[in-house]
Structure formats: C-alpha cells, structure tokens
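Novice: Supplied in structure tokens, the structure appears directly below.
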Amino acid sequence: MSLIEPKHIAIVPARQGSKGLKNKNFLDFCGRPLYRHAVDQALRVSDLCILSTDNGAILKKTNREEKVIIHARPPQLASDTSTIDHSVIDIIKKFNLKDRTIILLQPTSPLRTDADIEAALTLYKASNFDLVMSVCGTDPKILKSGFTRGKTFIPISKSKYCFMNRQSLPSTFKPNGAIFIFDSSWFLKNNGFESDKIGHILMDEELSMDIDDEKDFKIAERLFCDQIDGKIH
C-alpha cells in the first residue's frame with residue numbers, strides 16, 4: 001500500500017501483551033482505553049495516524065476512521081522481546097512511506113502534552129538532526145559507573161567523574177520514550193534509531209512517566225486527570 005499524502009504521520013504502537021500490567025494499552029484510562037489517548041493526540045498534531053496493533057478486536061472493526069489507518073502487527077513483532085524499531089520499519093515498508101516526517105507516540109507516555117510534540121517538531125524542522133526525541137533529567141551519579149573488561153574498569157564517561165562528589169557532577173538526561181521524530185526514508189536506510197545527530201526537547205520529570213505496572217498506571221491516571229482539569233492538553 002502507498003500513502004500519497006500526507007507528509008506528517010504519527011505512529012502509535014499498541015501491542016496486546018505486556019509483562020508489567022496485562023493488556024495495559026487497552027485498559028480504561030480516564031474514561032478511554034490508554035492507546036486511544038495517544039491516537040487522539042496524534043490526530044491533533046499530525047495529518048494521519050497509523051495505529052500498529054495485534055489486538056483482535058481492533059483489527060476486526062469495519063467502521064474505520066478517516067484519518068486512522070490500522071497496521072496489523074505480525075506476531076513476530078508483537079512479543080515481549082520485539083523491538084519498536086523493527087515494527088516501525090515494517091510499517092514504513094508496508095505503506096511505502098518515503099520522505100515522510102514520522103512522529104512516534106507511545107501510549108504508555110500519556111502525560112506528554114501537545115505543546116511538547118509541537119516543540120519537538122519545531123526543533124526537527126529547523127535543525128539538521130536525524131532524530132529529535134524527548135528527554136528528562138536523571139541522577140548524574142550514573143557518571144560514576146563503568147564497564148569491566150577482565151580486571152580493567154572502563155568509565156562510561158570521563159574517569160574524573162568516578163571520584164567527584166555527586167553535587168559536583170554535570171547534569172545528565174535520558175530518553176523518556178514519549179516522543180521520537182524522524183524521516184521515514186532515513187530510518188529505513190539507517191535501520192533504526194541509532195545516530196550521532198540527535199536533538200532533544202526537555203520534558204518535566206513527572207510528566208515523563210512511562211507506564212510499566214499497575215502502580216504507574218494509577219499514578220499516571222491521577223496526574224492525567226489533573227492535566228485535564230488544568231486544561232494543559
């Protein structure tokens with residue numbers, strides 16, 4: 001299948017299985033299934049949404065939405081060991097997505113705002129980055145860590161950080177999994193996310209929550225409802 005238009009396409013990956021919380025992508029979250037919040041957000045910030053799923057009930061639906069296309073995720077791409085980059089590559093190939101701006105929005109990050117996505121898009125369009133992603137702050141003591149090779153200790157960064165006081169360490173950040181923006185043709189040729197040209201937008205640590213288990217789900221649902229009350233979305 002080939003999609004002639006549009007240029008900006010959001011992908012929402014929502015597989016059925018989950019180790020931490022069974023069927024979490026399809027559980028009721030503030031009145032709607034968790035994945036649906038990501039789809040609705042995708043429709044607000046892009047021209048088209050591709051929902052990638054192995055959920056039987058969704059795949060059997062006949063009343064398709066005009067701007068939502070269903071990608072039937074193959075079983076080999078829906079296991080606990082499957083990686084998201086392989087699913088994205090499958091989507092790009094099946095729909096012949098050439099030179100399209102892809103906005104990857106995972107359902108398990110429901111606290112990201114439309115403004116976060118728009119900021120990432122603005123940076124991507126104005127830069128020469130291969131990939132723009134959302135990040136949040138993390139504990140800088142990670143800089144004290146390293147790898148071992150035989151009897152040799154190899155710092156992950158500068159060796160001096162291993163001996164510095166925590167408060168003296170530079171700030172560190174990590175991908176929070178909420179937003180990834182890239183070109184479809186680049187991703188296919190690159191065979192994944194890895195790049196030395198990655199841009200970022202900073203998200204609040206609390207809003208960066210990635211739902212993994214029931215505790216995360218309940219906390220995120222409470223915060224999301226607070227967002228709605230405060231009209232953040």
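Here's how to read the names in the structure tokens: chain A, B, ... by the order shown, residue numbers from 1 in each chain, ligand numbers from 1 in the order shown.
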Please report as a Markdown table every residue of stretch 34-137 of chain A lying within 6 Å of stretch 8-23 of chain A, along with the nearest atom pair and their distance in Å (one decimal), using only C-alpha atoms.

Specialist:
| residue | atom | partner | partner_atom | distance |
| --- | --- | --- | --- | --- |
| A:Ala42 | CA | A:Ala10 | CA | 5.7 |
| A:Ser46 | CA | A:His8 | CA | 5.5 |
| A:Asp47 | CA | A:His8 | CA | 5.7 |
| A:Leu48 | CA | A:Ile9 | CA | 5.0 |
| A:Cys49 | CA | A:Ala10 | CA | 4.7 |
| A:Ile50 | CA | A:Ile11 | CA | 4.8 |
| A:Leu51 | CA | A:Val12 | CA | 4.9 |
| A:Ser52 | CA | A:Pro13 | CA | 4.7 |
| A:Thr53 | CA | A:Arg15 | CA | 4.9 |
| A:Asp54 | CA | A:Arg15 | CA | 5.5 |
| A:Asn55 | CA | A:Gln16 | CA | 5.5 |
| A:Ala78 | CA | A:Arg15 | CA | 5.9 |
| A:Thr101 | CA | A:His8 | CA | 4.9 |
| A:Ile102 | CA | A:Ile9 | CA | 5.1 |
| A:Ile103 | CA | A:Ala10 | CA | 4.4 |
| A:Leu104 | CA | A:Ile11 | CA | 4.9 |
| A:Leu105 | CA | A:Val12 | CA | 5.3 |
| A:Gln106 | CA | A:Val12 | CA | 5.7 |

Novice: Compile the contact shell of stretch 93-100 of chain A as a PyMOL selection string: residues with an atom at most 12 Å away, counting only C-alpha atoms, same-chain residues fewer than 3 positions apart removed.

Specialist: chain A and resi 1-11+46-48+50+52+69-74+86-90+103+181-189+191

Novice: Create the file for the chosen residues now, containing C-alpha atoms and written as a PDB file, in the first residue's frame.

Specialist:
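out-v8.pdb written:
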ATOM      1  CA  MET A   1       0.000   0.000   0.000  1.00  0.00           C
ATOM      2  CA  SER A   2       1.239   3.507  -0.768  1.00  0.00           C
ATOM      3  CA  LEU A   3       0.181   6.671   1.030  1.00  0.00           C
ATOM      4  CA  ILE A   4       0.372   9.650  -1.340  1.00  0.00           C
ATOM      5  CA  GLU A   5      -0.354  12.166   1.409  1.00  0.00           C
ATOM      6  CA  PRO A   6       0.212  13.497   3.994  1.00  0.00           C
ATOM      7  CA  LYS A   7       3.753  14.479   4.933  1.00  0.00           C
ATOM      8  CA  HIS A   8       3.381  14.291   8.729  1.00  0.00           C
ATOM      9  CA  ILE A   9       2.368  10.876  10.019  1.00  0.00           C
ATOM     10  CA  ALA A  10       2.038   9.786  13.631  1.00  0.00           C
ATOM     11  CA  ILE A  11       2.623   6.149  14.572  1.00  0.00           C
ATOM     12  CA  SER A  46      -0.368  15.290  12.651  1.00  0.00           C
ATOM     13  CA  ASP A  47      -2.267  14.721   9.423  1.00  0.00           C
ATOM     14  CA  LEU A  48      -2.670  10.968   9.786  1.00  0.00           C
ATOM     15  CA  ILE A  50      -1.142   4.740  11.915  1.00  0.00           C
ATOM     16  CA  SER A  52       0.026  -0.562  14.922  1.00  0.00           C
ATOM     17  CA  ILE A  69      -5.031   3.549   9.445  1.00  0.00           C
ATOM     18  CA  ILE A  70      -4.615   0.175  11.143  1.00  0.00           C
ATOM     19  CA  HIS A  71      -1.345  -1.679  10.796  1.00  0.00           C
ATOM     20  CA  ALA A  72      -1.783  -5.363  11.644  1.00  0.00           C
ATOM     21  CA  ARG A  73       1.379  -6.096  13.550  1.00  0.00           C
ATOM     22  CA  PRO A  74       2.812  -9.538  12.708  1.00  0.00           C
ATOM     23  CA  HIS A  86      11.516  -3.399  13.787  1.00  0.00           C
ATOM     24  CA  SER A  87       7.798  -2.553  13.931  1.00  0.00           C
ATOM     25  CA  VAL A  88       8.437   0.932  12.570  1.00  0.00           C
ATOM     26  CA  ILE A  89      10.496  -0.498   9.703  1.00  0.00           C
ATOM     27  CA  ASP A  90       7.650  -2.918   8.903  1.00  0.00           C
ATOM     28  CA  ILE A 103       6.030  11.232  14.920  1.00  0.00           C
ATOM     29  CA  ILE A 181      10.548  12.401  15.344  1.00  0.00           C
ATOM     30  CA  PHE A 182      12.479  11.340  12.249  1.00  0.00           C
ATOM     31  CA  ASP A 183      12.300  10.944   8.484  1.00  0.00           C
ATOM     32  CA  SER A 184      10.906   7.637   7.238  1.00  0.00           C
ATOM     33  CA  SER A 185      13.470   7.194   4.457  1.00  0.00           C
ATOM     34  CA  TRP A 186      16.346   7.938   6.843  1.00  0.00           C
ATOM     35  CA  PHE A 187      15.007   5.456   9.405  1.00  0.00           C
ATOM     36  CA  LEU A 188      14.682   2.692   6.824  1.00  0.00           C
ATOM     37  CA  LYS A 189      18.161   3.287   5.424  1.00  0.00           C
ATOM     38  CA  ASN A 191      17.818   0.505  10.122  1.00  0.00           C
TER      39      ASN A 191
END

Novice: Once you count only C-alpha atoms, what closest atom pair and distance in Å to one decimal does each residue of stretch 66-164 of chain A within 10 Å of stretch 213-230 of chain A have, with rows by chain and rising residue number, as a Markdown table?

Specialist:
| residue | atom | partner | partner_atom | distance |
| --- | --- | --- | --- | --- |
| A:Thr108 | CA | A:Phe217 | CA | 8.7 |
| A:Ser109 | CA | A:Ala220 | CA | 8.7 |
| A:Pro110 | CA | A:Phe224 | CA | 7.3 |
| A:Leu111 | CA | A:Phe224 | CA | 6.0 |
| A:Arg112 | CA | A:Phe224 | CA | 9.4 |
| A:Thr113 | CA | A:Gln227 | CA | 9.1 |

Novice: Let me see the file: selected residues, N, CA and C atoms, as a short mmCIF file (atom, residue, chain, number, x, y, z; two decimals), in the first residue's frame.

Specialist:
data_model
loop_
_atom_site.label_atom_id
_atom_site.label_comp_id
_atom_site.auth_asym_id
_atom_site.auth_seq_id
_atom_site.Cartn_x
_atom_site.Cartn_y
_atom_site.Cartn_z
N THR A 108 2.08 4.48 26.37
CA THR A 108 2.48 4.40 27.78
C THR A 108 3.08 5.70 28.31
N SER A 109 3.07 6.75 27.49
CA SER A 109 3.52 8.08 27.92
C SER A 109 2.37 9.07 27.77
N PRO A 110 1.27 8.88 28.49
CA PRO A 110 0.07 9.69 28.29
C PRO A 110 0.16 11.11 28.82
N LEU A 111 1.21 11.43 29.58
CA LEU A 111 1.30 12.75 30.20
C LEU A 111 2.01 13.78 29.32
N ARG A 112 2.58 13.36 28.19
CA ARG A 112 3.17 14.35 27.28
C ARG A 112 2.05 15.27 26.77
N THR A 113 2.37 16.51 26.52
CA THR A 113 1.37 17.47 26.06
C THR A 113 1.54 17.72 24.56
#

Novice: Would you give me, as an MDAnalysis selection string, the residues in stretch 43-107 of chain A that DSSP reads as strand (DSSP E or B)?

Specialist: chainID A and resid 48:53 68:72 101:104

Novice: Find the residues near A:Asp204: any atom within 8 Å, counting only C-alpha atoms, skip ones fewer than 3 places away on the same chain, and give them as number ranges by chain.

Specialist: A: 136-137, 207-208

Novice: The selected residues should be written to file as a PDB file, in the first residue's frame (atoms: N, CA and C atoms).

Specialist:
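What landed in again-v8.pdb:
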ATOM      1  N   CYS A 136      14.282  13.602  29.813  1.00  0.00           N
ATOM      2  CA  CYS A 136      14.052  14.166  31.144  1.00  0.00           C
ATOM      3  C   CYS A 136      15.339  14.025  31.944  1.00  0.00           C
ATOM      4  N   GLY A 137      15.437  14.778  33.010  1.00  0.00           N
ATOM      5  CA  GLY A 137      16.625  14.715  33.837  1.00  0.00           C
ATOM      6  C   GLY A 137      16.748  13.377  34.540  1.00  0.00           C
ATOM      7  N   LEU A 207       5.991  14.451  34.244  1.00  0.00           N
ATOM      8  CA  LEU A 207       5.210  14.198  33.033  1.00  0.00           C
ATOM      9  C   LEU A 207       5.881  13.180  32.117  1.00  0.00           C
ATOM     10  N   SER A 208       7.083  12.780  32.466  1.00  0.00           N
ATOM     11  CA  SER A 208       7.832  11.815  31.663  1.00  0.00           C
ATOM     12  C   SER A 208       7.539  10.374  32.051  1.00  0.00           C
TER      13      SER A 208
END

Novice: In Å to one decimal, how far is atom CA of A:Lys125 from atom CA of A:Phe173?

Specialist: 22.5 Å

Novice: For A:Ile198, list every protein, DNA or RNA residue within 9 Å, evaluated using only C-alpha atoms, and leave out those in the same chain fewer than 2 positions away; present the list as a PyMOL selection string.

Specialist: chain A and resi 129-133+194-196+200

Novice: Nearest to A:Asp116: which of A:Leu143, A:Met164, A:Met203, A:Leu34 is it, counting only C-alpha atoms?

Specialist: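 Among the listed residues, the smallest separation from A:Asp116 belongs to A:Met203.
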
Novice: Would you list, as a count of residues only, the residues of stretch 13-141 of chain A that end up in helix (DSSP H, G or I) under DSSP run on this structure's backbone?

Specialist: 48

Novice: Of the candidates A:Arg149, A:Ala115, A:Ser171, A:Pro107, which one gets nearest to A:Leu27 if we count only C-alpha atoms?

Specialist: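 For A:Leu27, the nearest of the candidates is A:Pro107.
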